Amino acid sequence: LPVDAIGIGPGLGAGSEARTLRIVREATVPVVVDADALTIVAHAGLQHLDRAKGPRLLTPHPGEMQRLLAGRKIRNRAAVAQQFADEHPVTLLLKGARTVIAEKGRPLRYNTTGHPGMATGGMGDVLTGVCSALLGQGTDTHLAASLGSWVCGRAAEIALTRGGASAESLAPTDVLTHLGAAFESLRAGDF
């Protein structure tokens with residue numbers, strides 16, 4: 001069955017190491033690598049990223065990034081993201097209070113949308129899905145990371161201002177519910 005893009009990692013769990021590494025290395029379509037897939041790559045070695053046959057978008061949170069760096073502490077998020085992207089043929093979306101997007105030869109980007117309520121389990125899974133969908137429509141990894149993080153953050157903002165959620169109660173389903181309004185905001189030129 002032909003596919004246009006792959007998102008791998010959320011909910012993957014243990015026991016899929018060989019298959020995950022094969023997808024990371026061999027898939028010729030763009031692949032978003034997140035969650036358990038990032039952990040598998042961190043333990044198996046970054047050479048699997050270096051041998052990738054297609055575009056790769058990595059979406060680690062700071063803990064996953066630290067695993068990719070073999071435990072090295074992250075002091076300057078932008079510098080770490082840029083150095084990693086310069087050393088490996090990937091687009092890196094380092095999640096956090098100011099999400100950083102890095103790719104060799106491209107301008108470093110920061111996402112300006114979102115709020116602390118997004119620091120909860122499952123938010124990254126939504127981001128992986130949105131970025132995978134954008135890649136499947138032909139968007140390159142750098143733009144998919146930029147738009148995906150912006151739209152998810154904007155949806156979270158809309159959930160607070162118009163959807164009755166609070167930073168304390170925000171759930172991934174609230175972000176999903178407000179993705180349509182976030183894409184309308186994007187089309188209106190708010191990006």
# chains A, B, ... in the order shown; residues from 1 in each chain; ligands from 1
call {"tool": "closest_atom_pairs", "arguments": {"of": "region 50-69 of chain A", "to": "region 27-46 of chain A", "cutoff": "6 Å", "atoms": "only C-alpha atoms", "output": "JSON lines"}}
result
{"residue": "A:Lys53", "atom": "CA", "partner": "A:Thr28", "partner_atom": "CA", "distance": 5.1}
{"residue": "A:Gly54", "atom": "CA", "partner": "A:Thr28", "partner_atom": "CA", "distance": 4.3}
{"residue": "A:Pro55", "atom": "CA", "partner": "A:Pro30", "partner_atom": "CA", "distance": 4.6}
{"residue": "A:Arg56", "atom": "CA", "partner": "A:Val31", "partner_atom": "CA", "distance": 5.0}
{"residue": "A:Leu57", "atom": "CA", "partner": "A:Val32", "partner_atom": "CA", "distance": 4.7}
{"residue": "A:Leu58", "atom": "CA", "partner": "A:Val33", "partner_atom": "CA", "distance": 4.8}
{"residue": "A:Thr59", "atom": "CA", "partner": "A:Asp34", "partner_atom": "CA", "distance": 5.3}
{"residue": "A:Arg67", "atom": "CA", "partner": "A:Ala42", "partner_atom": "CA", "distance": 5.9}
{"residue": "A:Leu68", "atom": "CA", "partner": "A:Ala42", "partner_atom": "CA", "distance": 4.7}
call {"tool": "select_by_dssp", "arguments": {"residues": "region 30-122 of chain A", "states": "alpha helix (DSSP H)", "output": "ChimeraX atom specification"}}
result
/A:35-44,47-50,62-68,77-87
call {"tool": "write_last_selection", "arguments": {"atoms": "N, CA, C and O atoms", "output": "CSV table (one decimal), in the first residue's frame"}}
result
chain,number,residue,atom,x,y,z
A,35,ALA,N,8.4,10.3,20.2
A,35,ALA,CA,8.1,9.4,21.4
A,35,ALA,C,8.9,8.2,21.4
A,35,ALA,O,10.2,8.3,21.4
A,36,ASP,N,8.3,7.0,21.4
A,36,ASP,CA,9.1,5.8,21.6
A,36,ASP,C,10.1,5.5,20.4
A,36,ASP,O,11.1,4.9,20.6
A,37,ALA,N,9.7,6.0,19.2
A,37,ALA,CA,10.7,5.9,18.1
A,37,ALA,C,11.9,6.7,18.4
A,37,ALA,O,13.0,6.3,18.0
A,38,LEU,N,11.8,7.9,19.0
A,38,LEU,CA,13.0,8.6,19.4
A,38,LEU,C,13.9,7.9,20.4
A,38,LEU,O,15.1,7.9,20.3
A,39,THR,N,13.2,7.3,21.3
A,39,THR,CA,14.0,6.5,22.3
A,39,THR,C,14.7,5.3,21.7
A,39,THR,O,15.9,5.1,22.0
A,40,ILE,N,14.0,4.6,20.8
A,40,ILE,CA,14.6,3.5,20.1
A,40,ILE,C,15.9,4.0,19.3
A,40,ILE,O,16.9,3.4,19.4
A,41,VAL,N,15.7,5.1,18.6
A,41,VAL,CA,16.9,5.6,17.8
A,41,VAL,C,18.0,6.0,18.8
A,41,VAL,O,19.2,5.8,18.5
A,42,ALA,N,17.7,6.7,19.9
A,42,ALA,CA,18.7,7.1,20.8
A,42,ALA,C,19.5,6.0,21.4
A,42,ALA,O,20.7,6.0,21.5
A,43,HIS,N,18.8,4.8,21.6
A,43,HIS,CA,19.5,3.7,22.2
A,43,HIS,C,20.3,2.9,21.1
A,43,HIS,O,21.4,2.4,21.4
A,44,ALA,N,19.8,2.9,19.9
A,44,ALA,CA,20.4,2.1,18.8
A,44,ALA,C,21.5,2.9,18.1
A,44,ALA,O,22.4,2.3,17.5
A,47,GLN,N,23.4,6.8,13.9
A,47,GLN,CA,23.7,6.4,12.5
A,47,GLN,C,22.5,6.0,11.7
A,47,GLN,O,22.5,6.1,10.5
A,48,HIS,N,21.4,5.6,12.4
A,48,HIS,CA,20.2,5.2,11.7
A,48,HIS,C,19.6,6.4,11.1
A,48,HIS,O,19.0,6.3,10.0
A,49,LEU,N,19.7,7.6,11.7
A,49,LEU,CA,19.2,8.8,11.1
A,49,LEU,C,20.1,9.2,9.9
A,49,LEU,O,19.6,9.7,8.9
A,50,ASP,N,21.4,9.1,10.1
A,50,ASP,CA,22.4,9.5,9.1
A,50,ASP,C,22.2,8.7,7.8
A,50,ASP,O,22.6,9.2,6.7
A,62,PRO,N,12.3,18.0,25.7
A,62,PRO,CA,13.7,18.1,26.2
A,62,PRO,C,14.2,16.8,26.7
A,62,PRO,O,15.4,16.6,26.6
A,63,GLY,N,13.4,16.0,27.4
A,63,GLY,CA,13.9,14.7,27.9
A,63,GLY,C,14.4,13.8,26.8
A,63,GLY,O,15.4,13.1,26.9
A,64,GLU,N,13.6,13.7,25.7
A,64,GLU,CA,13.9,12.9,24.6
A,64,GLU,C,15.1,13.4,23.9
A,64,GLU,O,16.0,12.7,23.4
A,65,MET,N,15.3,14.8,23.8
A,65,MET,CA,16.4,15.4,23.2
A,65,MET,C,17.7,15.0,24.0
A,65,MET,O,18.7,14.7,23.4
A,66,GLN,N,17.6,15.0,25.3
A,66,GLN,CA,18.7,14.7,26.1
A,66,GLN,C,19.1,13.2,25.9
A,66,GLN,O,20.3,12.9,25.8
A,67,ARG,N,18.2,12.3,25.6
A,67,ARG,CA,18.5,10.9,25.3
A,67,ARG,C,19.2,10.9,24.0
A,67,ARG,O,20.2,10.1,23.8
A,68,LEU,N,18.8,11.7,23.0
A,68,LEU,CA,19.4,11.7,21.7
A,68,LEU,C,20.9,12.2,21.8
A,68,LEU,O,21.7,11.9,21.0
A,77,ARG,N,19.0,25.9,24.2
A,77,ARG,CA,18.1,25.1,23.3
A,77,ARG,C,18.4,25.4,21.8
A,77,ARG,O,18.4,24.4,21.0
A,78,ALA,N,18.5,26.6,21.4
A,78,ALA,CA,18.7,27.0,20.0
A,78,ALA,C,20.0,26.5,19.5
A,78,ALA,O,20.1,25.9,18.4
A,79,ALA,N,21.1,26.6,20.3
A,79,ALA,CA,22.4,26.1,19.9
A,79,ALA,C,22.4,24.6,19.7
A,79,ALA,O,23.0,24.1,18.8
A,80,VAL,N,21.8,23.9,20.7
A,80,VAL,CA,21.8,22.5,20.7
A,80,VAL,C,21.0,22.0,19.4
A,80,VAL,O,21.4,21.1,18.7
A,81,ALA,N,19.8,22.6,19.2
A,81,ALA,CA,19.0,22.2,18.0
A,81,ALA,C,19.7,22.5,16.7
A,81,ALA,O,19.8,21.6,15.9
A,82,GLN,N,20.4,23.6,16.6
A,82,GLN,CA,21.1,23.9,15.3
A,82,GLN,C,22.3,23.0,15.2
A,82,GLN,O,22.5,22.5,14.0
A,83,GLN,N,23.0,22.7,16.2
A,83,GLN,CA,24.2,21.8,16.1
A,83,GLN,C,23.7,20.4,15.7
A,83,GLN,O,24.4,19.8,14.9
A,84,PHE,N,22.7,19.9,16.3
A,84,PHE,CA,22.2,18.6,16.0
A,84,PHE,C,21.7,18.5,14.5
A,84,PHE,O,22.1,17.6,13.8
A,85,ALA,N,21.0,19.5,14.1
A,85,ALA,CA,20.6,19.6,12.7
A,85,ALA,C,21.7,19.7,11.7
A,85,ALA,O,21.7,19.2,10.6
A,86,ASP,N,22.8,20.4,12.1
A,86,ASP,CA,24.0,20.6,11.3
A,86,ASP,C,24.7,19.2,11.2
A,86,ASP,O,25.4,19.0,10.1
A,87,GLU,N,24.7,18.4,12.2
A,87,GLU,CA,25.4,17.1,12.2
A,87,GLU,C,24.6,16.0,11.7
A,87,GLU,O,25.2,14.9,11.3
call {"tool": "closest_residue", "arguments": {"among": "A:Ile158, A:Arg75, A:Glu17, A:Val3", "to": "Glu184 (chain A)", "atoms": "only C-alpha atoms"}}
result
A:Ile158
call {"tool": "closest_residue", "arguments": {"among": "A:Thr99, A:Thr113, A:Asn76, A:Ser169", "to": "Ala155 (chain A)", "atoms": "only C-alpha atoms"}}
result
A:Thr113
call {"tool": "residues_around", "arguments": {"residues": "Gly129 (chain A)", "least_positions_apart": "2", "cutoff": "10 Å", "atoms": "only C-alpha atoms", "output": "list in words"}}
result
Ile6, Gly7, Ile8, Pro10, Val32, Gly124, Asp125, Val126, Leu127, Cys131, Ser132, Ala133, Leu134, Leu135 and Gly148 of chain A
call {"tool": "select_by_dssp", "arguments": {"residues": "region 46-170 of chain A", "states": "strand (DSSP E)", "output": "PyMOL selection string"}}
result
chain A and resi 56-58+91-94+100-103+109-110
call {"tool": "atom_distance", "arguments": {"atom1": "CA of Ala181 (chain A)", "atom2": "CA of Ser166 (chain A)"}}
result
17.4 Å
